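This is start_4.cif (mmCIF, C-alpha atoms and all ligand atoms).
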data_entry
#
loop_
_atom_site.label_atom_id
_atom_site.label_comp_id
_atom_site.auth_asym_id
_atom_site.auth_seq_id
_atom_site.Cartn_x
_atom_site.Cartn_y
_atom_site.Cartn_z
CA MET D 428 0.00 0.00 0.00
CA PRO D 429 1.47 3.46 -0.89
CA GLU D 430 1.98 5.75 2.09
CA THR D 431 0.19 8.74 0.66
CA LEU D 432 -2.83 9.39 -1.50
CA LEU D 433 -2.94 12.27 -3.98
CA VAL D 434 -6.37 13.84 -3.56
CA SER D 435 -7.82 16.50 -5.88
CA LEU D 436 -10.61 18.48 -4.24
CA TRP D 437 -12.91 21.03 -5.84
CA ARG D 438 -12.27 24.43 -4.26
CA GLY D 439 -14.47 27.51 -4.68
CA GLY D 440 -17.83 28.00 -6.38
CA THR D 441 -18.91 27.27 -9.95
CA ASP D 442 -15.81 29.02 -11.23
CA GLY D 443 -13.50 27.13 -8.86
CA ARG D 444 -10.84 24.54 -9.68
CA TYR D 445 -9.37 21.30 -8.41
CA VAL D 446 -6.56 21.61 -5.85
CA SER D 447 -4.34 18.64 -4.93
CA TYR D 448 -3.39 17.49 -1.43
CA GLU D 449 -1.22 14.65 -0.16
CA VAL D 450 -3.09 12.64 2.46
CA PRO D 451 -1.65 9.77 4.55
CA MET D 452 -3.19 6.44 3.60
CA ARG D 453 -4.79 4.33 6.33
CA GLU D 454 -6.40 0.93 6.37
CA ASN D 455 -10.19 1.01 6.00
CA GLN D 456 -10.09 4.75 5.25
CA THR D 457 -13.27 6.20 3.75
CA VAL D 458 -13.53 9.05 1.26
CA LEU D 459 -15.12 11.14 4.02
CA ASP D 460 -12.09 10.40 6.24
CA VAL D 461 -9.84 11.80 3.49
CA VAL D 462 -11.88 15.00 3.16
CA THR D 463 -11.92 15.40 6.93
CA TRP D 464 -8.14 14.92 7.11
CA VAL D 465 -7.64 17.76 4.61
CA GLN D 466 -9.99 20.04 6.53
CA ARG D 467 -8.29 19.32 9.86
CA ASN D 468 -4.67 19.20 8.74
CA ALA D 469 -4.21 21.11 5.50
CA ASP D 470 -6.89 23.78 5.07
CA SER D 471 -9.52 24.49 7.72
CA THR D 472 -11.52 26.61 5.25
CA LEU D 473 -12.55 23.54 3.23
CA SER D 474 -16.37 23.30 3.18
CA TYR D 475 -18.21 19.99 3.03
CA ARG D 476 -21.22 18.34 4.62
CA PHE D 477 -21.75 15.24 6.73
CA ALA D 478 -23.59 14.24 9.90
CA CYS D 479 -24.02 10.59 10.87
CA ARG D 480 -20.94 8.91 9.29
CA VAL D 481 -22.85 5.62 9.21
CA GLY D 482 -24.94 5.80 6.05
CA MET D 483 -28.17 7.05 7.57
CA CYS D 484 -28.47 10.81 7.09
CA GLY D 485 -27.60 11.09 3.39
CA SER D 486 -25.74 14.37 3.82
CA CYS D 487 -22.21 13.31 2.78
CA ALA D 488 -22.82 12.63 -0.93
CA MET D 489 -20.15 13.94 -3.31
CA THR D 490 -18.80 13.17 -6.77
CA VAL D 491 -15.94 10.69 -6.44
CA ASN D 492 -13.90 10.00 -9.56
CA GLY D 493 -16.85 11.18 -11.67
CA ARG D 494 -19.53 9.14 -9.90
CA PRO D 495 -21.97 10.26 -7.17
CA ARG D 496 -21.39 8.31 -3.92
CA TRP D 497 -22.07 8.43 -0.18
CA THR D 498 -18.58 9.23 1.05
CA CYS D 499 -18.90 7.89 4.61
CA ARG D 500 -19.55 4.37 3.29
CA THR D 501 -17.15 4.45 0.33
CA HIS D 502 -13.74 3.02 1.08
CA VAL D 503 -10.74 4.63 -0.58
CA SER D 504 -9.45 1.18 -1.51
CA LYS D 505 -12.53 0.70 -3.69
CA VAL D 506 -12.22 3.94 -5.68
CA ALA D 507 -8.56 5.09 -5.69
CA SER D 508 -6.70 4.55 -8.93
CA ASN D 509 -2.87 4.53 -8.79
CA GLY D 510 -3.01 6.30 -5.43
CA ARG D 511 -5.18 9.12 -6.78
CA ILE D 512 -8.73 10.23 -6.13
CA THR D 513 -10.78 13.22 -7.35
CA ILE D 514 -13.64 14.56 -5.22
CA GLY D 515 -16.13 17.27 -6.19
CA PRO D 516 -19.60 18.46 -5.13
CA LEU D 517 -22.71 16.61 -6.34
CA GLU D 518 -23.61 17.43 -9.94
CA ASN D 519 -26.94 18.84 -11.19
CA LEU D 520 -27.07 21.20 -8.19
CA PRO D 521 -25.64 24.70 -7.63
CA ILE D 522 -22.35 24.79 -5.71
CA ILE D 523 -22.35 26.68 -2.41
CA LYS D 524 -18.60 26.30 -1.87
CA ASP D 525 -16.00 23.57 -2.31
CA LEU D 526 -17.68 20.18 -1.78
CA ALA D 527 -21.00 21.54 -0.50
CA ALA D 528 -23.78 21.51 -3.10
CA ASP D 529 -26.95 23.54 -2.58
CA MET D 530 -29.71 20.97 -1.95
CA ARG D 531 -32.57 23.49 -2.18
CA PRO D 532 -33.68 22.60 -5.75
CA PHE D 533 -33.71 18.92 -4.73
CA PHE D 534 -36.01 19.50 -1.75
CA GLU D 535 -38.15 22.12 -3.53
CA LYS D 536 -39.00 19.40 -6.04
CA TRP D 537 -40.17 17.15 -3.21
CA GLN D 538 -42.63 19.93 -2.40
CA GLN D 539 -43.67 20.28 -6.06
CA ALA D 540 -44.29 16.52 -6.25
CA LYS D 541 -46.52 16.81 -3.14
CA GLY D 542 -44.09 14.63 -1.22
CA ARG D 543 -45.65 15.44 2.13
CA PHE D 544 -48.15 13.14 3.88
CA ALA D 545 -51.69 14.58 3.94
CA PRO D 546 -53.65 12.91 6.74
CA SER D 547 -57.17 11.70 6.00
CA LYS D 548 -58.03 11.17 9.66
CA ALA D 549 -58.16 13.37 12.74
CA ARG D 550 -56.09 12.74 15.86
CA THR D 551 -59.16 11.39 17.64
CA ASP D 552 -60.09 8.83 14.93
CA PRO D 553 -59.18 5.19 15.53
CA ILE D 554 -55.81 4.18 14.06
CA GLU D 555 -56.28 2.48 10.69
CA ARG D 556 -54.97 -1.09 10.47
CA ILE D 557 -53.02 -1.84 7.30
CA ALA D 558 -52.08 -5.43 6.53
CA PRO D 559 -48.34 -5.69 5.79
CA ASP D 560 -49.07 -7.91 2.77
CA ASN D 561 -51.54 -5.44 1.25
CA PRO D 562 -50.17 -4.87 -2.34
CA ALA D 563 -50.20 -1.06 -1.95
CA ARG D 564 -48.27 -1.33 1.33
CA VAL D 565 -45.77 -3.71 -0.27
CA ALA D 566 -45.22 -1.21 -3.12
CA ALA D 567 -44.76 1.67 -0.65
CA ASP D 568 -42.38 -0.33 1.56
CA ALA D 569 -40.15 -1.19 -1.39
CA ALA D 570 -39.50 2.52 -2.01
CA ILE D 571 -39.69 4.06 1.43
CA GLU D 572 -36.16 3.83 2.86
CA CYS D 573 -34.83 6.88 0.97
CA ILE D 574 -32.16 8.79 2.92
CA ASN D 575 -32.50 11.95 0.75
CA CYS D 576 -28.87 11.86 -0.31
CA GLY D 577 -29.46 13.32 -3.79
CA ILE D 578 -27.22 10.76 -5.47
CA CYS D 579 -29.93 9.64 -7.90
CA TYR D 580 -30.66 13.29 -8.74
CA ALA D 581 -26.98 13.91 -9.48
CA ALA D 582 -26.84 10.78 -11.65
CA CYS D 583 -29.95 11.54 -13.72
CA ASP D 584 -29.39 12.76 -17.29
CA THR D 585 -32.96 14.02 -17.55
CA VAL D 586 -32.36 16.36 -14.60
CA ARG D 587 -29.20 17.56 -16.35
CA TRP D 588 -31.07 18.39 -19.59
CA ASN D 589 -34.34 19.58 -18.10
CA SER D 590 -34.07 21.68 -14.95
CA ASP D 591 -37.86 21.43 -14.49
CA TYR D 592 -37.77 17.64 -14.14
CA LEU D 593 -38.82 16.65 -10.62
CA GLY D 594 -36.18 13.92 -10.51
CA PRO D 595 -36.06 10.35 -9.25
CA ALA D 596 -36.13 10.96 -5.48
CA ALA D 597 -39.16 13.30 -5.45
CA LEU D 598 -41.08 10.98 -7.76
CA ASN D 599 -40.08 7.95 -5.71
CA ARG D 600 -41.40 9.73 -2.62
CA ALA D 601 -44.67 10.58 -4.42
CA TRP D 602 -45.07 6.89 -5.30
CA THR D 603 -44.84 5.86 -1.63
CA LEU D 604 -47.64 8.32 -0.79
CA VAL D 605 -49.80 7.30 -3.76
CA ASN D 606 -49.70 3.82 -2.20
CA ASP D 607 -50.50 5.02 1.31
CA VAL D 608 -54.22 4.41 1.85
CA ARG D 609 -54.22 6.87 4.78
CA ASP D 610 -53.23 9.80 2.55
CA ALA D 611 -55.89 12.26 1.31
CA ALA D 612 -54.03 14.23 -1.39
CA ASN D 613 -53.64 11.83 -4.27
CA VAL D 614 -55.62 13.81 -6.85
CA GLU D 615 -53.33 16.80 -6.28
CA ARG D 616 -50.26 14.52 -6.16
CA LEU D 617 -51.12 12.66 -9.38
CA THR D 618 -51.88 15.98 -11.09
CA ALA D 619 -48.49 17.33 -9.97
CA VAL D 620 -46.47 14.32 -11.10
CA ALA D 621 -48.32 14.06 -14.45
CA ALA D 622 -47.53 17.68 -15.38
CA ASN D 623 -44.60 18.82 -17.55
CA GLY D 624 -41.37 17.83 -15.84
CA GLY D 625 -43.11 14.97 -14.05
CA CYS D 626 -42.95 11.19 -14.34
CA HIS D 627 -43.56 11.09 -18.09
CA ALA D 628 -40.25 12.92 -18.70
CA CYS D 629 -38.28 9.94 -17.33
CA HIS D 630 -36.69 7.85 -20.05
CA SER D 631 -36.12 4.83 -17.81
CA HIS D 632 -32.40 4.37 -18.33
CA GLN D 633 -32.03 3.43 -14.62
CA SER D 634 -29.01 5.50 -13.68
CA CYS D 635 -30.86 6.38 -10.45
CA GLN D 636 -31.33 2.73 -9.55
CA GLU D 637 -27.74 1.90 -10.46
CA HIS D 638 -26.29 4.58 -8.15
CA CYS D 639 -28.72 4.55 -5.19
CA PRO D 640 -26.60 3.60 -2.16
CA VAL D 641 -29.51 1.92 -0.35
CA SER D 642 -30.57 -0.12 -3.39
CA LEU D 643 -33.88 1.59 -4.06
CA ASN D 644 -35.29 1.53 -7.57
CA PRO D 645 -36.79 4.94 -8.42
CA THR D 646 -37.23 3.84 -12.06
CA ARG D 647 -39.73 1.22 -10.91
CA SER D 648 -41.57 3.79 -8.77
CA ILE D 649 -41.73 6.19 -11.71
CA ALA D 650 -43.05 3.42 -13.97
CA GLY D 651 -45.78 2.91 -11.35
CA LEU D 652 -46.62 6.62 -11.47
CA LYS D 653 -46.81 6.52 -15.27
CA ARG D 654 -49.37 3.70 -15.06
CA ARG D 655 -51.29 5.30 -12.23
CA THR D 656 -51.53 8.73 -13.86
CA ALA D 657 -52.70 7.14 -17.14
CA GLN D 658 -55.44 5.28 -15.23
CA ALA D 659 -56.41 8.48 -13.44
CA TYR D 660 -56.82 10.29 -16.81
CA LEU D 661 -58.96 7.49 -18.20
CA ARG D 662 -61.16 7.48 -15.10
CA GLY D 663 -61.52 11.27 -15.21
CA GLU D 664 -59.87 11.65 -11.79
CA ILE D 665 -57.28 14.11 -13.13
CA LYS D 666 -57.43 16.43 -16.13
CA PRO D 667 -54.93 16.41 -19.04
S1 LIG U 701 -34.64 6.24 -14.91
FE1 LIG U 701 -35.64 8.24 -15.03
S2 LIG U 701 -35.31 9.19 -13.03
FE2 LIG U 701 -33.88 7.44 -13.17
S3 LIG U 701 -31.97 8.35 -13.90
FE3 LIG U 701 -33.12 7.67 -15.72
S4 LIG U 701 -34.35 9.45 -16.40
FE4 LIG U 701 -33.59 9.87 -14.30
S1 LIG U 702 -33.63 7.25 -3.92
FE1 LIG U 702 -31.62 6.46 -3.24
S2 LIG U 702 -30.13 7.79 -4.29
FE2 LIG U 702 -32.10 8.83 -4.41
S3 LIG U 702 -32.13 10.25 -2.68
FE3 LIG U 702 -33.13 8.34 -2.01
S4 LIG U 702 -31.52 7.11 -1.11
FE4 LIG U 702 -30.49 8.71 -2.28
S1 LIG U 703 -22.60 11.13 6.88
FE1 LIG U 703 -24.65 10.38 7.02
S2 LIG U 703 -24.87 9.12 5.27
FE2 LIG U 703 -22.77 9.71 5.21
#
Can the structure from this file be put into structure tokens for me?
Ligand code: SF4
Ligand code: SF4
Ligand code: FES
Amino acid sequence: MPETLLVSLWRGGTDGRYVSYEVPMRENQTVLDVVTWVQRNADSTLSYRFACRVGMCGSCAMTVNGRPRWTCRTHVSKVASNGRITIGPLENLPIIKDLAADMRPFFEKWQQAKGRFAPSKARTDPIERIAPDNPARVAADAAIECINCGICYAACDTVRWNSDYLGPAALNRAWTLVNDVRDAANVERLTAVAANGGCHACHSHQSCQEHCPVSLNPTRSIAGLKRRTAQAYLRGEIKP
């Protein structure tokens, strides 16, 4: 194992550049460990984002050697090539500074896709029982463990070409709610995801599914939304 790693980090805003640092190599070192070493030992002004360090919060995603990854769960040994590694902010999002991308467009699209639960019952109503093997619950469960990391959004070519596209994570979230029988906002939600920039803009090339660190399949959720919105048109539940 070489003793040092040559790490190129994006520095500055959109008009920034890559700057190289020599970082000591360690066994079982993660990409986030490398970034943290630079911030603590070489340049304390380096900006980046993380919280849990254990793959739960989704905040540490960056572009590593051209591919979006969760950096706290990505080992250097898996991605370094000839002792080198290049790390930048997530793509398809504005850059705040250095390795910190601005996640606002990502979360604004969750709002546009009506990604918030709308209760159909009051606090005093009895709690609804939902069988775990109910097909709608099974469909929701398969998509629900999203950690909001933005990796699928950064990997999606349709987002890159069409800034209005809601993107895989927001649509995946909408699909979980469409399958939640307790939710009361599905006409609004299906109308939102059927509009321009919604599910029908996805061309199903599965980059989102390929890169998702928790093995979700937004492409499958979006295919479900395409079917469900078509049915809703035919039944007159939503308007073209
Ligand atoms: S399948 Fe759809 S949402 Fe996923 S990366 Fe491709 S275009 Fe984007
Ligand atoms: S669907 Fe996967 S890649 Fe996309 S935000 Fe959720 S966890 Fe991250
Ligand atoms: S720091 Fe929380 S997922 Fe990486």
Minimum-distance residue to Lys505 in chain D, chosen among D:Gln658, D:Thr490, D:Asn575, D:Asn455 (using all atoms listed in the file) =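 Result for the nearest residue to Lys505 in chain D: D:Asn455.
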Enumerate, in order of chain and increasing residue number, the residues of chain D with an atom no farther than 10 Å from ligand LIG 702 (chain U), each with its shortest atom pair and distance in Å to one decimal, counting only C-alpha atoms and all ligand atoms, as CSV.
residue,atom,partner,partner_atom,distance
D:Gly482,CA,U:LIG702,S4,9.8
D:Met483,CA,U:LIG702,S4,9.3
D:Cys484,CA,U:LIG702,S4,9.5
D:Gly485,CA,U:LIG702,FE4,6.8
D:Ser486,CA,U:LIG702,FE4,9.6
D:Ala488,CA,U:LIG702,FE4,8.7
D:Pro495,CA,U:LIG702,S2,9.0
D:Arg496,CA,U:LIG702,S2,8.8
D:Trp497,CA,U:LIG702,FE4,8.7
D:Phe533,CA,U:LIG702,S3,9.0
D:Ala570,CA,U:LIG702,S1,7.8
D:Ile571,CA,U:LIG702,FE3,8.6
D:Glu572,CA,U:LIG702,S4,6.9
D:Cys573,CA,U:LIG702,FE3,3.7
D:Ile574,CA,U:LIG702,S4,4.4
D:Asn575,CA,U:LIG702,S3,3.8
D:Cys576,CA,U:LIG702,FE4,4.1
D:Gly577,CA,U:LIG702,S3,4.2
D:Ile578,CA,U:LIG702,S2,4.3
D:Cys579,CA,U:LIG702,S2,4.1
D:Tyr580,CA,U:LIG702,FE2,6.4
D:Ala581,CA,U:LIG702,S2,8.6
D:Ala582,CA,U:LIG702,S2,8.6
D:Cys583,CA,U:LIG702,FE2,9.9
D:Gly594,CA,U:LIG702,FE2,8.9
D:Pro595,CA,U:LIG702,FE2,6.4
D:Ala596,CA,U:LIG702,FE2,4.7
D:Ala597,CA,U:LIG702,S3,8.1
D:Leu598,CA,U:LIG702,S1,9.2
D:Asn599,CA,U:LIG702,S1,6.7
D:Arg600,CA,U:LIG702,S1,8.3
D:Ser634,CA,U:LIG702,S2,9.7
D:Cys635,CA,U:LIG702,S2,6.4
D:Gln636,CA,U:LIG702,FE1,7.3
D:Glu637,CA,U:LIG702,S2,8.9
D:His638,CA,U:LIG702,S2,6.3
D:Cys639,CA,U:LIG702,S2,3.6
D:Pro640,CA,U:LIG702,FE1,5.9
D:Val641,CA,U:LIG702,S4,5.6
D:Ser642,CA,U:LIG702,FE1,6.7
D:Leu643,CA,U:LIG702,FE1,5.4
D:Asn644,CA,U:LIG702,S1,7.0
D:Pro645,CA,U:LIG702,S1,6.0
D:Thr646,CA,U:LIG702,S1,9.5
D:Ser648,CA,U:LIG702,S1,9.9
Could you save the residues just selected, with C-alpha atoms, as an mmCIF file, in the coordinates of the input?
data_model
loop_
_atom_site.group_PDB
_atom_site.id
_atom_site.type_symbol
_atom_site.label_atom_id
_atom_site.label_comp_id
_atom_site.auth_asym_id
_atom_site.auth_seq_id
_atom_site.Cartn_x
_atom_site.Cartn_y
_atom_site.Cartn_z
ATOM 1 C CA GLY D 482 -24.940 5.800 6.050
ATOM 2 C CA MET D 483 -28.170 7.050 7.570
ATOM 3 C CA CYS D 484 -28.470 10.810 7.090
ATOM 4 C CA GLY D 485 -27.600 11.090 3.390
ATOM 5 C CA SER D 486 -25.740 14.370 3.820
ATOM 6 C CA ALA D 488 -22.820 12.630 -0.930
ATOM 7 C CA PRO D 495 -21.970 10.260 -7.170
ATOM 8 C CA ARG D 496 -21.390 8.310 -3.920
ATOM 9 C CA TRP D 497 -22.070 8.430 -0.180
ATOM 10 C CA PHE D 533 -33.710 18.920 -4.730
ATOM 11 C CA ALA D 570 -39.500 2.520 -2.010
ATOM 12 C CA ILE D 571 -39.690 4.060 1.430
ATOM 13 C CA GLU D 572 -36.160 3.830 2.860
ATOM 14 C CA CYS D 573 -34.830 6.880 0.970
ATOM 15 C CA ILE D 574 -32.160 8.790 2.920
ATOM 16 C CA ASN D 575 -32.500 11.950 0.750
ATOM 17 C CA CYS D 576 -28.870 11.860 -0.310
ATOM 18 C CA GLY D 577 -29.460 13.320 -3.790
ATOM 19 C CA ILE D 578 -27.220 10.760 -5.470
ATOM 20 C CA CYS D 579 -29.930 9.640 -7.900
ATOM 21 C CA TYR D 580 -30.660 13.290 -8.740
ATOM 22 C CA ALA D 581 -26.980 13.910 -9.480
ATOM 23 C CA ALA D 582 -26.840 10.780 -11.650
ATOM 24 C CA CYS D 583 -29.950 11.540 -13.720
ATOM 25 C CA GLY D 594 -36.180 13.920 -10.510
ATOM 26 C CA PRO D 595 -36.060 10.350 -9.250
ATOM 27 C CA ALA D 596 -36.130 10.960 -5.480
ATOM 28 C CA ALA D 597 -39.160 13.300 -5.450
ATOM 29 C CA LEU D 598 -41.080 10.980 -7.760
ATOM 30 C CA ASN D 599 -40.080 7.950 -5.710
ATOM 31 C CA ARG D 600 -41.400 9.730 -2.620
ATOM 32 C CA SER D 634 -29.010 5.500 -13.680
ATOM 33 C CA CYS D 635 -30.860 6.380 -10.450
ATOM 34 C CA GLN D 636 -31.330 2.730 -9.550
ATOM 35 C CA GLU D 637 -27.740 1.900 -10.460
ATOM 36 C CA HIS D 638 -26.290 4.580 -8.150
ATOM 37 C CA CYS D 639 -28.720 4.550 -5.190
ATOM 38 C CA PRO D 640 -26.600 3.600 -2.160
ATOM 39 C CA VAL D 641 -29.510 1.920 -0.350
ATOM 40 C CA SER D 642 -30.570 -0.120 -3.390
ATOM 41 C CA LEU D 643 -33.880 1.590 -4.060
ATOM 42 C CA ASN D 644 -35.290 1.530 -7.570
ATOM 43 C CA PRO D 645 -36.790 4.940 -8.420
ATOM 44 C CA THR D 646 -37.230 3.840 -12.060
ATOM 45 C CA SER D 648 -41.570 3.790 -8.770
#
Please provide the set of residues having any atom within 10 Å of Tyr592 in chain D, restricted to only C-alpha atoms, with same-chain residues fewer than 3 positions apart removed, written as a ChimeraX atom specification.
-> /D:536,580,583,585-589,595,597-598,620,622-629
Shell of 12 Å around Ala549 in chain D, all atoms listed in the file, local chain residues under 3 positions omitted, as a compact mmCIF listing (two decimals) with C-alpha atoms, in the frame of the given file:
# COMPACT_ATOMS: atom_id res chain seq x y z
CA ALA D 545 -51.69 14.58 3.94
CA PRO D 546 -53.65 12.91 6.74
CA ASP D 552 -60.09 8.83 14.93
CA PRO D 553 -59.18 5.19 15.53
CA ILE D 554 -55.81 4.18 14.06
CA GLU D 555 -56.28 2.48 10.69
CA ARG D 609 -54.22 6.87 4.78
CA ASP D 610 -53.23 9.80 2.55
CA ALA D 611 -55.89 12.26 1.31
Test item: residues at most 10 Å from Arg655 in chain D, all atoms listed in the file, excluding those fewer than 4 positions along its chain, as a list in words =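 Selected residues are Trp602, Val605, Leu617, Ala621, Ile649, Ala650, Gly651, Ala659, Tyr660 and Leu661 of chain D.
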Give me a file of those residues, with C-alpha atoms, as a PDB file, in the frame of the given file.
ATOM      1  CA  TRP D 602     -45.070   6.890  -5.300  1.00  0.00           C
ATOM      2  CA  VAL D 605     -49.800   7.300  -3.760  1.00  0.00           C
ATOM      3  CA  LEU D 617     -51.120  12.660  -9.380  1.00  0.00           C
ATOM      4  CA  ALA D 621     -48.320  14.060 -14.450  1.00  0.00           C
ATOM      5  CA  ILE D 649     -41.730   6.190 -11.710  1.00  0.00           C
ATOM      6  CA  ALA D 650     -43.050   3.420 -13.970  1.00  0.00           C
ATOM      7  CA  GLY D 651     -45.780   2.910 -11.350  1.00  0.00           C
ATOM      8  CA  ALA D 659     -56.410   8.480 -13.440  1.00  0.00           C
ATOM      9  CA  TYR D 660     -56.820  10.290 -16.810  1.00  0.00           C
ATOM     10  CA  LEU D 661     -58.960   7.490 -18.200  1.00  0.00           C
TER      11      LEU D 661
END
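Picture a line from CA of Gly439 in chain D to CA of Lys524 in chain D; it runs 5.1 Å.
Pairwise distance (CA of Ala566 in chain D, CA of Asp591 in chain D) equals 26.4 Å.
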